[in-house]
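Asker: One file: my_file_16.pdb (PDB, C-alpha atoms).
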```
ATOM      1  CA  MET J   1     106.499  98.781  66.665
ATOM      2  CA  ALA J   2     102.957  98.256  65.347
ATOM      3  CA  ASP J   3     100.358 100.996  65.190
ATOM      4  CA  ASN J   4      97.737 100.304  67.861
ATOM      5  CA  PRO J   5      98.988  96.846  68.855
ATOM      6  CA  SER J   6      95.830  95.988  70.801
ATOM      7  CA  GLY J   7      93.475  96.857  67.941
ATOM      8  CA  ALA J   8      91.266  98.727  70.422
ATOM      9  CA  ILE J   9      89.347 101.802  69.355
ATOM     10  CA  HIS J  10      90.905 104.818  71.030
ATOM     11  CA  PRO J  11      88.555 106.248  73.688
ATOM     12  CA  THR J  12      88.959 109.799  72.381
ATOM     13  CA  ARG J  13      86.722 108.817  69.463
ATOM     14  CA  PHE J  14      83.938 107.939  71.887
ATOM     15  CA  LEU J  15      84.578 111.096  73.910
ATOM     16  CA  LEU J  16      84.388 113.333  70.837
ATOM     17  CA  GLY J  17      81.230 111.563  69.695
ATOM     18  CA  TRP J  18      79.734 112.018  73.164
ATOM     19  CA  LEU J  19      80.593 115.723  73.164
ATOM     20  CA  VAL J  20      79.188 116.463  69.706
ATOM     21  CA  ALA J  21      76.046 114.357  70.179
ATOM     22  CA  SER J  22      75.420 115.781  73.677
ATOM     23  CA  LEU J  23      75.730 119.365  72.511
ATOM     24  CA  LEU J  24      73.567 118.886  69.408
ATOM     25  CA  LEU J  25      70.842 116.860  71.106
ATOM     26  CA  THR J  26      70.701 119.173  74.121
ATOM     27  CA  ARG J  27      70.466 122.201  71.835
ATOM     28  CA  PHE J  28      67.973 120.907  69.269
ATOM     29  CA  LEU J  29      66.039 118.241  71.159
ATOM     30  CA  PRO J  30      66.233 119.240  74.832
ATOM     31  CA  LEU J  31      64.921 116.915  77.504
ATOM     32  CA  PRO J  32      63.564 118.204  80.815
ATOM     33  CA  PHE J  33      66.100 117.773  83.578
ATOM     34  CA  PRO J  34      64.637 116.117  86.690
ATOM     35  CA  LEU J  35      66.873 117.718  89.341
ATOM     36  CA  ALA J  36      67.043 121.201  90.794
ATOM     37  CA  ASP J  37      69.977 123.370  89.699
ATOM     38  CA  GLU J  38      71.777 123.223  93.034
ATOM     39  CA  VAL J  39      71.397 119.450  93.385
ATOM     40  CA  SER J  40      72.605 118.644  89.874
ATOM     41  CA  GLU J  41      75.502 121.087  90.201
ATOM     42  CA  LEU J  42      76.603 119.502  93.493
ATOM     43  CA  LEU J  43      76.271 115.938  92.150
ATOM     44  CA  GLY J  44      78.180 116.952  89.032
ATOM     45  CA  VAL J  45      81.093 118.263  91.065
ATOM     46  CA  VAL J  46      80.960 115.173  93.303
ATOM     47  CA  LEU J  47      81.642 113.063  90.184
ATOM     48  CA  LEU J  48      83.920 115.467  88.305
ATOM     49  CA  VAL J  49      86.503 116.036  91.035
ATOM     50  CA  PRO J  50      87.126 112.373  91.982
ATOM     51  CA  GLY J  51      86.962 111.427  88.287
ATOM     52  CA  ALA J  52      89.688 113.925  87.438
ATOM     53  CA  ALA J  53      91.758 112.813  90.441
ATOM     54  CA  LEU J  54      91.423 109.146  89.429
ATOM     55  CA  LEU J  55      92.451 109.997  85.864
ATOM     56  CA  LEU J  56      95.569 111.832  87.047
ATOM     57  CA  TRP J  57      96.462 109.094  89.552
ATOM     58  CA  SER J  58      96.076 106.423  86.851
ATOM     59  CA  GLN J  59      98.228 108.302  84.347
ATOM     60  CA  PHE J  60     100.884 108.954  87.014
ATOM     61  CA  THR J  61     100.919 105.276  87.986
ATOM     62  CA  LEU J  62     101.389 104.169  84.367
ATOM     63  CA  SER J  63     104.128 106.729  83.824
ATOM     64  CA  ARG J  64     105.926 105.677  86.988
ATOM     65  CA  ALA J  65     105.844 102.051  85.791
ATOM     66  CA  GLY J  66     107.426 103.119  82.496
ATOM     67  CA  THR J  67     104.432 102.379  80.299
ATOM     68  CA  SER J  68     101.690 104.401  78.650
ATOM     69  CA  ALA J  69      97.953 104.387  78.032
ATOM     70  CA  ASP J  70      98.669 105.437  74.444
ATOM     71  CA  HIS J  71      97.088 102.934  72.054
ATOM     72  CA  ASP J  72      99.756 103.617  69.442
ATOM     73  CA  ARG J  73     102.479 102.205  71.683
ATOM     74  CA  GLU J  74     103.124  98.735  72.981
ATOM     75  CA  THR J  75     102.353  98.120  76.633
ATOM     76  CA  THR J  76     105.716  97.572  78.307
ATOM     77  CA  ALA J  77     104.586  96.694  81.832
ATOM     78  CA  LEU J  78     101.627  95.083  83.521
ATOM     79  CA  VAL J  79     100.615  97.665  86.108
ATOM     80  CA  THR J  80      98.783  96.276  89.137
ATOM     81  CA  THR J  81      99.489  99.004  91.681
ATOM     82  CA  GLY J  82      97.810 102.292  92.546
ATOM     83  CA  PRO J  83      94.295 102.517  91.122
ATOM     84  CA  PHE J  84      94.969  99.390  89.018
ATOM     85  CA  ARG J  85      94.813  97.280  92.177
ATOM     86  CA  LEU J  86      91.148  98.339  92.532
ATOM     87  CA  SER J  87      90.025  98.338  88.890
ATOM     88  CA  ARG J  88      91.518  96.991  85.680
ATOM     89  CA  ASN J  89      90.211 100.089  83.888
ATOM     90  CA  PRO J  90      90.518 103.082  86.214
ATOM     91  CA  ILE J  91      91.139 105.499  83.324
ATOM     92  CA  TYR J  92      87.877 104.559  81.625
ATOM     93  CA  LEU J  93      86.076 104.611  84.964
ATOM     94  CA  ALA J  94      87.429 108.136  85.523
ATOM     95  CA  LEU J  95      86.324 109.250  82.060
ATOM     96  CA  LEU J  96      82.806 107.926  82.649
ATOM     97  CA  ALA J  97      82.631 109.735  86.000
ATOM     98  CA  ILE J  98      83.736 112.942  84.269
ATOM     99  CA  LEU J  99      81.191 112.568  81.439
ATOM    100  CA  THR J 100      78.359 111.857  83.857
ATOM    101  CA  GLY J 101      79.510 114.674  86.138
ATOM    102  CA  MET J 102      79.493 117.097  83.222
ATOM    103  CA  GLY J 103      76.002 115.968  82.247
ATOM    104  CA  LEU J 104      74.815 116.624  85.782
ATOM    105  CA  ARG J 105      76.730 119.868  86.169
ATOM    106  CA  TYR J 106      75.343 121.298  82.936
ATOM    107  CA  GLN J 107      71.926 119.654  83.330
ATOM    108  CA  SER J 108      72.039 117.678  80.116
ATOM    109  CA  LEU J 109      70.031 114.500  80.323
ATOM    110  CA  TRP J 110      71.363 113.647  76.855
ATOM    111  CA  ALA J 111      74.936 113.795  78.132
ATOM    112  CA  ILE J 112      74.077 111.397  80.952
ATOM    113  CA  LEU J 113      72.211 108.989  78.661
ATOM    114  CA  LEU J 114      75.018 109.081  76.113
ATOM    115  CA  ALA J 115      77.569 108.350  78.868
ATOM    116  CA  VAL J 116      75.799 104.995  79.274
ATOM    117  CA  PHE J 117      76.326 104.354  75.556
ATOM    118  CA  VAL J 118      79.989 105.367  75.892
ATOM    119  CA  ALA J 119      80.392 102.834  78.739
ATOM    120  CA  TRP J 120      78.969 100.097  76.521
ATOM    121  CA  ALA J 121      81.077 101.149  73.508
ATOM    122  CA  LEU J 122      84.260 101.345  75.600
ATOM    123  CA  ARG J 123      83.661  97.857  76.913
ATOM    124  CA  ARG J 124      82.878  96.411  73.484
ATOM    125  CA  TRP J 125      85.463  98.112  71.276
ATOM    126  CA  THR J 126      88.222  99.165  73.655
ATOM    127  CA  VAL J 127      88.316  97.068  76.829
ATOM    128  CA  VAL J 128      87.702  93.638  75.270
ATOM    129  CA  PRO J 129      90.415  94.046  72.584
ATOM    130  CA  GLU J 130      92.810  95.435  75.212
ATOM    131  CA  GLU J 131      92.169  92.425  77.441
ATOM    132  CA  ARG J 132      92.907  90.082  74.540
ATOM    133  CA  TYR J 133      96.141  91.968  73.822
ATOM    134  CA  LEU J 134      97.243  91.972  77.468
ATOM    135  CA  THR J 135      96.531  88.239  77.753
ATOM    136  CA  GLU J 136      98.728  87.592  74.710
ATOM    137  CA  ARG J 137     101.438  89.957  75.935
ATOM    138  CA  PHE J 138     101.594  88.970  79.625
ATOM    139  CA  GLY J 139     100.031  85.477  79.660
ATOM    140  CA  ALA J 140      99.550  83.898  83.080
ATOM    141  CA  ASP J 141     100.438  87.119  84.924
ATOM    142  CA  TYR J 142      97.570  88.971  83.259
ATOM    143  CA  ARG J 143      95.171  86.046  83.722
ATOM    144  CA  ARG J 144      95.943  86.036  87.487
ATOM    145  CA  TYR J 145      95.477  89.811  87.616
ATOM    146  CA  ARG J 146      92.180  89.562  85.719
ATOM    147  CA  GLU J 147      90.942  86.934  88.174
ATOM    148  CA  SER J 148      91.830  89.030  91.212
ATOM    149  CA  VAL J 149      90.780  92.546  90.105
ATOM    150  CA  ARG J 150      87.386  93.483  88.715
ATOM    151  CA  ARG J 151      87.036  95.072  85.290
ATOM    152  CA  TRP J 152      85.377  98.250  86.567
ATOM    153  CA  VAL J 153      84.994  98.307  90.390
TER     154      VAL J 153
END
```
Could you take the file, read its structure, and then write that structure out as structure tokens?
Answerer:
Amino acid sequence: MADNPSGAIHPTRFLLGWLVASLLLTRFLPLPFPLADEVSELLGVVLLVPGAALLLWSQFTLSRAGTSADHDRETTALVTTGPFRLSRNPIYLALLAILTGMGLRYQSLWAILLAVFVAWALRRWTVVPEERYLTERFGADYRRYRESVRRWV
């Protein structure tokens, strides 16, 4: 079994970078936050709760199919059920909702801006290599899935 068969950069690297950069920039170069405390707190929770639920649902669906989101393991099944019938990347979508929700909840404009960078980086260095890997691994089945389900939503 190869280490990281897809060659994708593990999303935890982007998440750790987001966390460190958000904390440092918010602390040492704060930006004014445009929303009132109550509004940003409510919007943050509105993103955090469904994001966490989507993450758990996605992980459960993968586990139930006998495969894993772990980049250090081969993908053993093409999962097209549960949240994967709505998005090819529900885990990354959930993570972005959580990052944005945290930025809103804690009124960090840097966290929100950096979540946009994380979305771009995930697409470039994680999603695209994963799609290449899944096409090689599952061939026509993955191509049909890719044609019928959007990358994000």
Asker: Where does the PyMOL selection byres ((chain J and resi 16-22) around 12) land in this file, that is, which residues does it pick, as number ranges by chain?
Answerer: J: 10-15, 23-31, 95-96, 98-100, 102-103, 106-119, 121-122
Asker: What residues have an atom no more than 8 Å from (86.7, 99.4, 83.1) in the file's own frame, counting all atoms listed in the file, and can you write them as a list of chain:residue names?
Answerer: J:Ser87, J:Arg88, J:Asn89, J:Pro90, J:Ile91, J:Tyr92, J:Leu93, J:Arg123, J:Val127, J:Arg151, J:Trp152, J:Val153
Asker: With all atoms listed in the file as the basis for distance, which of J:Ile9, J:Val128, J:Leu104, J:Ala69 is at the shortest distance from Glu41 of chain J?
Answerer: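 Of J:Ile9, J:Val128, J:Leu104, J:Ala69, the one nearest Glu41 of chain J, counting all atoms listed in the file, is J:Leu104.
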Asker: Spell out the residues picked by the PyMOL selection byres ((chain J and resi 66) around 10) here, as a VMD selection string.
Answerer: chain J and resid 60 to 65 67 to 68 75 to 79
Asker: Name the closest residue to Thr126 of chain J among the candidates J:Val45, J:Arg105, J:Ala53, J:His71; distances are taken between atoms, counting only C-alpha atoms.
Answerer: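 Of J:Val45, J:Arg105, J:Ala53, J:His71, the one nearest Thr126 of chain J, counting only C-alpha atoms, is J:His71.
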Asker: Could you tell me how far atom CA of Trp57 of chain J lies from atom CA of Gly82 of chain J, in Å and to one decimal?
Answerer: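 Taking atom CA of Trp57 of chain J and atom CA of Gly82 of chain J, their separation equals 7.6 Å.
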Asker: Figure out the distance between atom CA of Val46 of chain J and atom CA of Arg146 of chain J, please, to one decimal in Å.
Answerer: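 According to the coordinates, atom CA of Arg146 of chain J and atom CA of Val46 of chain J are separated by 29.0 Å.
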Asker: If I take atom CA of Leu48 of chain J and atom CA of Phe33 of chain J, how far is one from the other in Å, to one decimal?
Answerer: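 Rounded to one decimal, the two atoms are 18.6 Å apart.
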